[in-house]
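K.L.:
The structure's right below; bear with me while I get my questions together.
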Amino acid sequence: MLSGFVESLQEPRTPYISPQRFSKVLGVQVASLAALAGVHRNTLRNPASERLQDRLRDMVRVISAAAELTGDVDRALYWFKNEPLADYRHRTAAELVGDGHVDAVLSHLEDLGNGANG
């Protein structure tokens, strides 16, 4: 399930995550993906950008962890973009990851997986 999701994001004939494919999966415009990733929109013109790829990988890590927890990539994508997290001032996972708080979101998911109420 997850390997197909991750593979679907690959920039053709490169080892990179495609901003265009990822924005389509998230259901957002490419410019909105830049905001979610916490990079300038012009950064998306260079998919090989190390900063961009780091941010996109962080987003994929969180979505993958959520998919493992829910058993469904579509539910994980919805959660990532839309579910306010009470413990984080009702910000979404996407907002937190965009601000560089990927470890906090992964810890939150781990707590949920261990039976904590969320």
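By order in the structure tokens, chains are A, B, ...; within a chain, residues start at 1; ligands start at 1, following the order shown.
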Taking 3 positions as the minimum chain separation for residues in the same chain, which residues sit within 10 Å of A:Ala67 when counting only C-alpha atoms? Answer as a list of chain:residue names.

P.N.:
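The residues satisfying every condition are A:Met1, A:Leu2, A:Arg61, A:Val62, A:Ile63, A:Ser64, A:Thr70, A:Gly71, A:Asp72, A:Val73, A:Asp74, A:Arg75, A:Ala76, A:Leu77, A:Trp79, A:Phe80.
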
K.L.:
Go ahead and write the selection's residues with N, CA and C atoms as a PDB file, in the first residue's frame.

P.N.:
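Okay, part_26.pdb is ready:
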ATOM      1  N   MET A   1       0.830  -1.194   0.000  1.00  0.00           N
ATOM      2  CA  MET A   1       0.000   0.000   0.000  1.00  0.00           C
ATOM      3  C   MET A   1       0.872   1.255   0.000  1.00  0.00           C
ATOM      4  N   LEU A   2       1.776   1.374   0.968  1.00  0.00           N
ATOM      5  CA  LEU A   2       2.590   2.588   1.083  1.00  0.00           C
ATOM      6  C   LEU A   2       3.646   2.691   0.001  1.00  0.00           C
ATOM      7  N   ARG A  61       6.908  11.201   5.110  1.00  0.00           N
ATOM      8  CA  ARG A  61       7.101  10.417   6.340  1.00  0.00           C
ATOM      9  C   ARG A  61       5.874  10.497   7.231  1.00  0.00           C
ATOM     10  N   VAL A  62       5.345  11.693   7.413  1.00  0.00           N
ATOM     11  CA  VAL A  62       4.179  11.879   8.273  1.00  0.00           C
ATOM     12  C   VAL A  62       2.955  11.197   7.670  1.00  0.00           C
ATOM     13  N   ILE A  63       2.731  11.387   6.388  1.00  0.00           N
ATOM     14  CA  ILE A  63       1.575  10.758   5.734  1.00  0.00           C
ATOM     15  C   ILE A  63       1.700   9.237   5.795  1.00  0.00           C
ATOM     16  N   SER A  64       2.896   8.718   5.594  1.00  0.00           N
ATOM     17  CA  SER A  64       3.112   7.274   5.666  1.00  0.00           C
ATOM     18  C   SER A  64       2.847   6.744   7.070  1.00  0.00           C
ATOM     19  N   THR A  70      -3.858   4.372  10.272  1.00  0.00           N
ATOM     20  CA  THR A  70      -5.257   4.292   9.830  1.00  0.00           C
ATOM     21  C   THR A  70      -5.522   3.124   8.898  1.00  0.00           C
ATOM     22  N   GLY A  71      -4.467   2.636   8.236  1.00  0.00           N
ATOM     23  CA  GLY A  71      -4.643   1.558   7.266  1.00  0.00           C
ATOM     24  C   GLY A  71      -5.139   2.043   5.913  1.00  0.00           C
ATOM     25  N   ASP A  72      -5.113   3.354   5.691  1.00  0.00           N
ATOM     26  CA  ASP A  72      -5.675   3.909   4.460  1.00  0.00           C
ATOM     27  C   ASP A  72      -4.945   5.211   4.094  1.00  0.00           C
ATOM     28  N   VAL A  73      -4.326   5.240   2.935  1.00  0.00           N
ATOM     29  CA  VAL A  73      -3.587   6.429   2.496  1.00  0.00           C
ATOM     30  C   VAL A  73      -4.523   7.620   2.333  1.00  0.00           C
ATOM     31  N   ASP A  74      -5.717   7.410   1.775  1.00  0.00           N
ATOM     32  CA  ASP A  74      -6.645   8.530   1.574  1.00  0.00           C
ATOM     33  C   ASP A  74      -7.067   9.152   2.908  1.00  0.00           C
ATOM     34  N   ARG A  75      -7.327   8.332   3.907  1.00  0.00           N
ATOM     35  CA  ARG A  75      -7.670   8.864   5.231  1.00  0.00           C
ATOM     36  C   ARG A  75      -6.492   9.619   5.814  1.00  0.00           C
ATOM     37  N   ALA A  76      -5.285   9.101   5.609  1.00  0.00           N
ATOM     38  CA  ALA A  76      -4.084   9.761   6.121  1.00  0.00           C
ATOM     39  C   ALA A  76      -3.885  11.119   5.454  1.00  0.00           C
ATOM     40  N   LEU A  77      -4.117  11.195   4.149  1.00  0.00           N
ATOM     41  CA  LEU A  77      -3.991  12.467   3.431  1.00  0.00           C
ATOM     42  C   LEU A  77      -5.014  13.478   3.946  1.00  0.00           C
ATOM     43  N   TRP A  79      -6.434  13.508   6.928  1.00  0.00           N
ATOM     44  CA  TRP A  79      -6.004  13.868   8.280  1.00  0.00           C
ATOM     45  C   TRP A  79      -4.869  14.890   8.223  1.00  0.00           C
ATOM     46  N   PHE A  80      -3.871  14.638   7.394  1.00  0.00           N
ATOM     47  CA  PHE A  80      -2.695  15.492   7.283  1.00  0.00           C
ATOM     48  C   PHE A  80      -3.082  16.934   6.960  1.00  0.00           C
TER      49      PHE A  80
END

K.L.:
Mind dumping a table of every stretch 11-36 of chain A residue within 10 Å of stretch 53-57 of chain A, with the nearest atom pair and its distance in Å to one decimal, using only C-alpha atoms, sorted by chain and rising number, as a Markdown table?

P.N.:
| residue | atom | partner | partner_atom | distance |
| --- | --- | --- | --- | --- |
| A:Tyr16 | CA | A:Gln53 | CA | 7.0 |
| A:Ile17 | CA | A:Gln53 | CA | 6.7 |
| A:Ser18 | CA | A:Leu56 | CA | 8.9 |
| A:Pro19 | CA | A:Leu56 | CA | 8.1 |
| A:Phe22 | CA | A:Leu56 | CA | 8.4 |
| A:Leu33 | CA | A:Leu56 | CA | 9.2 |
| A:Ala34 | CA | A:Arg55 | CA | 9.5 |
| A:Leu36 | CA | A:Arg55 | CA | 9.0 |

K.L.:
Give me, as number ranges by chain, the residues of stretch 30-85 of chain A that a backbone DSSP run labels helix (DSSP H, G or I).

P.N.:
A: 30-37, 41-45, 50-70, 73-82

K.L.:
May I have the selected residues written with N, CA and C atoms, as a CSV table (one decimal), in the first residue's frame?

P.N.:
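Wrote it out as result_30.csv, contents follow:
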chain,number,residue,atom,x,y,z
A,30,VAL,N,0.1,23.7,-7.0
A,30,VAL,CA,1.5,23.6,-6.8
A,30,VAL,C,2.0,24.8,-5.9
A,31,ALA,N,1.5,26.0,-6.1
A,31,ALA,CA,1.9,27.1,-5.2
A,31,ALA,C,1.5,26.9,-3.8
A,32,SER,N,0.4,26.2,-3.5
A,32,SER,CA,0.0,25.9,-2.2
A,32,SER,C,0.9,24.8,-1.6
A,33,LEU,N,1.4,23.9,-2.4
A,33,LEU,CA,2.3,22.9,-1.9
A,33,LEU,C,3.6,23.6,-1.4
A,34,ALA,N,4.0,24.7,-2.1
A,34,ALA,CA,5.2,25.4,-1.6
A,34,ALA,C,5.0,25.9,-0.2
A,35,ALA,N,3.8,26.5,0.0
A,35,ALA,CA,3.5,27.0,1.3
A,35,ALA,C,3.4,25.9,2.4
A,36,LEU,N,2.8,24.8,2.0
A,36,LEU,CA,2.7,23.6,2.9
A,36,LEU,C,4.1,23.1,3.3
A,37,ALA,N,5.0,23.1,2.3
A,37,ALA,CA,6.4,22.6,2.5
A,37,ALA,C,7.3,23.7,3.1
A,41,ARG,N,7.7,29.6,-3.6
A,41,ARG,CA,7.1,28.9,-4.7
A,41,ARG,C,8.1,28.7,-5.9
A,42,ASN,N,9.0,29.6,-6.0
A,42,ASN,CA,10.0,29.4,-7.1
A,42,ASN,C,10.9,28.2,-6.9
A,43,THR,N,11.1,27.8,-5.6
A,43,THR,CA,11.9,26.6,-5.3
A,43,THR,C,11.3,25.4,-6.0
A,44,LEU,N,10.0,25.3,-6.3
A,44,LEU,CA,9.4,24.2,-6.9
A,44,LEU,C,9.8,24.0,-8.4
A,45,ARG,N,10.4,25.0,-9.0
A,45,ARG,CA,10.9,24.9,-10.3
A,45,ARG,C,12.1,24.0,-10.4
A,50,GLU,N,17.6,20.5,-2.6
A,50,GLU,CA,17.8,19.7,-1.4
A,50,GLU,C,16.8,20.1,-0.3
A,51,ARG,N,16.6,21.4,-0.2
A,51,ARG,CA,15.6,21.9,0.8
A,51,ARG,C,14.2,21.5,0.5
A,52,LEU,N,13.8,21.6,-0.8
A,52,LEU,CA,12.5,21.1,-1.2
A,52,LEU,C,12.3,19.6,-0.9
A,53,GLN,N,13.3,18.8,-1.4
A,53,GLN,CA,13.2,17.4,-1.2
A,53,GLN,C,13.2,17.0,0.2
A,54,ASP,N,13.9,17.7,1.1
A,54,ASP,CA,13.9,17.4,2.5
A,54,ASP,C,12.5,17.6,3.1
A,55,ARG,N,11.9,18.7,2.7
A,55,ARG,CA,10.5,19.1,3.2
A,55,ARG,C,9.5,18.1,2.6
A,56,LEU,N,9.6,17.8,1.4
A,56,LEU,CA,8.6,16.8,0.8
A,56,LEU,C,8.8,15.4,1.4
A,57,ARG,N,10.0,15.0,1.7
A,57,ARG,CA,10.3,13.7,2.4
A,57,ARG,C,9.6,13.8,3.8
A,58,ASP,N,9.8,14.9,4.5
A,58,ASP,CA,9.2,15.0,5.8
A,58,ASP,C,7.6,14.8,5.7
A,59,MET,N,7.0,15.4,4.7
A,59,MET,CA,5.6,15.3,4.5
A,59,MET,C,5.2,13.9,4.2
A,60,VAL,N,6.0,13.2,3.4
A,60,VAL,CA,5.7,11.8,3.0
A,60,VAL,C,5.9,10.9,4.3
A,61,ARG,N,6.9,11.2,5.1
A,61,ARG,CA,7.1,10.4,6.3
A,61,ARG,C,5.9,10.5,7.2
A,62,VAL,N,5.3,11.7,7.4
A,62,VAL,CA,4.2,11.9,8.3
A,62,VAL,C,3.0,11.2,7.7
A,63,ILE,N,2.7,11.4,6.4
A,63,ILE,CA,1.6,10.8,5.7
A,63,ILE,C,1.7,9.2,5.8
A,64,SER,N,2.9,8.7,5.6
A,64,SER,CA,3.1,7.3,5.7
A,64,SER,C,2.8,6.7,7.1
A,65,ALA,N,3.3,7.5,8.1
A,65,ALA,CA,3.1,7.0,9.5
A,65,ALA,C,1.6,7.1,9.8
A,66,ALA,N,0.9,8.1,9.3
A,66,ALA,CA,-0.6,8.2,9.5
A,66,ALA,C,-1.3,7.1,8.7
A,67,ALA,N,-0.8,6.7,7.6
A,67,ALA,CA,-1.4,5.7,6.8
A,67,ALA,C,-1.2,4.3,7.5
A,68,GLU,N,-0.1,4.1,8.1
A,68,GLU,CA,0.1,2.9,8.8
A,68,GLU,C,-0.8,2.8,10.0
A,69,LEU,N,-1.1,3.9,10.6
A,69,LEU,CA,-2.0,3.9,11.8
A,69,LEU,C,-3.5,3.7,11.4
A,70,THR,N,-3.9,4.4,10.3
A,70,THR,CA,-5.3,4.3,9.8
A,70,THR,C,-5.5,3.1,8.9
A,73,VAL,N,-4.3,5.2,2.9
A,73,VAL,CA,-3.6,6.4,2.5
A,73,VAL,C,-4.5,7.6,2.3
A,74,ASP,N,-5.7,7.4,1.8
A,74,ASP,CA,-6.6,8.5,1.6
A,74,ASP,C,-7.1,9.2,2.9
A,75,ARG,N,-7.3,8.3,3.9
A,75,ARG,CA,-7.7,8.9,5.2
A,75,ARG,C,-6.5,9.6,5.8
A,76,ALA,N,-5.3,9.1,5.6
A,76,ALA,CA,-4.1,9.8,6.1
A,76,ALA,C,-3.9,11.1,5.5
A,77,LEU,N,-4.1,11.2,4.1
A,77,LEU,CA,-4.0,12.5,3.4
A,77,LEU,C,-5.0,13.5,3.9
A,78,TYR,N,-6.2,13.0,4.2
A,78,TYR,CA,-7.3,13.9,4.7
A,78,TYR,C,-6.9,14.4,6.1
A,79,TRP,N,-6.4,13.5,6.9
A,79,TRP,CA,-6.0,13.9,8.3
A,79,TRP,C,-4.9,14.9,8.2
A,80,PHE,N,-3.9,14.6,7.4
A,80,PHE,CA,-2.7,15.5,7.3
A,80,PHE,C,-3.1,16.9,7.0
A,81,LYS,N,-4.0,17.1,6.0
A,81,LYS,CA,-4.4,18.5,5.6
A,81,LYS,C,-5.4,19.1,6.5
A,82,ASN,N,-6.3,18.4,7.1
A,82,ASN,CA,-7.5,18.9,7.6
A,82,ASN,C,-7.8,18.8,9.1

K.L.:
When you look at A:Leu85 with a cut-off of 12 Å (counting only C-alpha atoms), what residues show up, excluding the ones that are within fewer than 3 positions of it in the same chain? I need them as an mmCIF file with C-alpha atoms, in the first residue's frame.

P.N.:
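The result, stored in result15.cif:
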data_model
loop_
_atom_site.group_PDB
_atom_site.id
_atom_site.type_symbol
_atom_site.label_atom_id
_atom_site.label_comp_id
_atom_site.auth_asym_id
_atom_site.auth_seq_id
_atom_site.Cartn_x
_atom_site.Cartn_y
_atom_site.Cartn_z
ATOM 1 C CA TRP A 79 -6.004 13.868 8.280
ATOM 2 C CA PHE A 80 -2.695 15.492 7.283
ATOM 3 C CA LYS A 81 -4.382 18.458 5.586
ATOM 4 C CA ASN A 82 -7.538 18.933 7.637
ATOM 5 C CA TYR A 88 -0.764 21.755 19.003
ATOM 6 C CA ARG A 89 -3.094 24.756 19.260
ATOM 7 C CA HIS A 90 -5.476 23.169 16.747
ATOM 8 C CA ARG A 91 -3.003 23.384 13.908
ATOM 9 C CA THR A 92 -3.002 20.656 11.269
ATOM 10 C CA ALA A 93 -0.177 18.217 10.699
ATOM 11 C CA ALA A 94 0.472 19.931 7.355
ATOM 12 C CA GLU A 95 0.895 23.299 9.071
ATOM 13 C CA LEU A 96 3.195 21.847 11.706
ATOM 14 C CA ALA A 104 6.352 16.559 17.036
ATOM 15 C CA VAL A 105 3.795 15.239 14.553
ATOM 16 C CA HIS A 108 1.838 12.555 18.217
ATOM 17 C CA LEU A 109 1.139 9.696 15.796
ATOM 18 C CA LEU A 112 -1.970 7.642 19.100
ATOM 19 C CA ASN A 117 -6.407 9.902 23.084
ATOM 20 C CA GLY A 118 -6.003 12.505 20.356
#

K.L.:
Which is closer to A:Glu11 than all the others in A:Gly115, A:Val102, A:Ala86, A:Asn46, using only C-alpha atoms?

P.N.:
A:Asn46

K.L.:
Identify which of the residues A:Leu9, A:Leu106, A:Val25, A:Val97 lies closest to A:Gly38, counting only C-alpha atoms when measuring atom-to-atom distances.

P.N.:
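Distance minimum relative to A:Gly38 lands on A:Val97.
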
K.L.:
So the first atom is atom CA of A:Ser8 and the second is atom CA of A:Leu26; what is the distance between them in Å, to one decimal place?

P.N.:
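Rounded to one decimal, the two atoms are 12.2 Å apart.
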
K.L.:
In Å to one decimal, how far is atom CA of A:Asp99 from atom CA of A:Val39?

P.N.:
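According to the coordinates, atom CA of A:Val39 and atom CA of A:Asp99 are separated by 9.9 Å.
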
K.L.:
Would you list, as a VMD selection string, the residues of chain A that end up in strand (DSSP E or B) under DSSP run on this structure's backbone?

P.N.:
chain A and resid 10 17 85 91
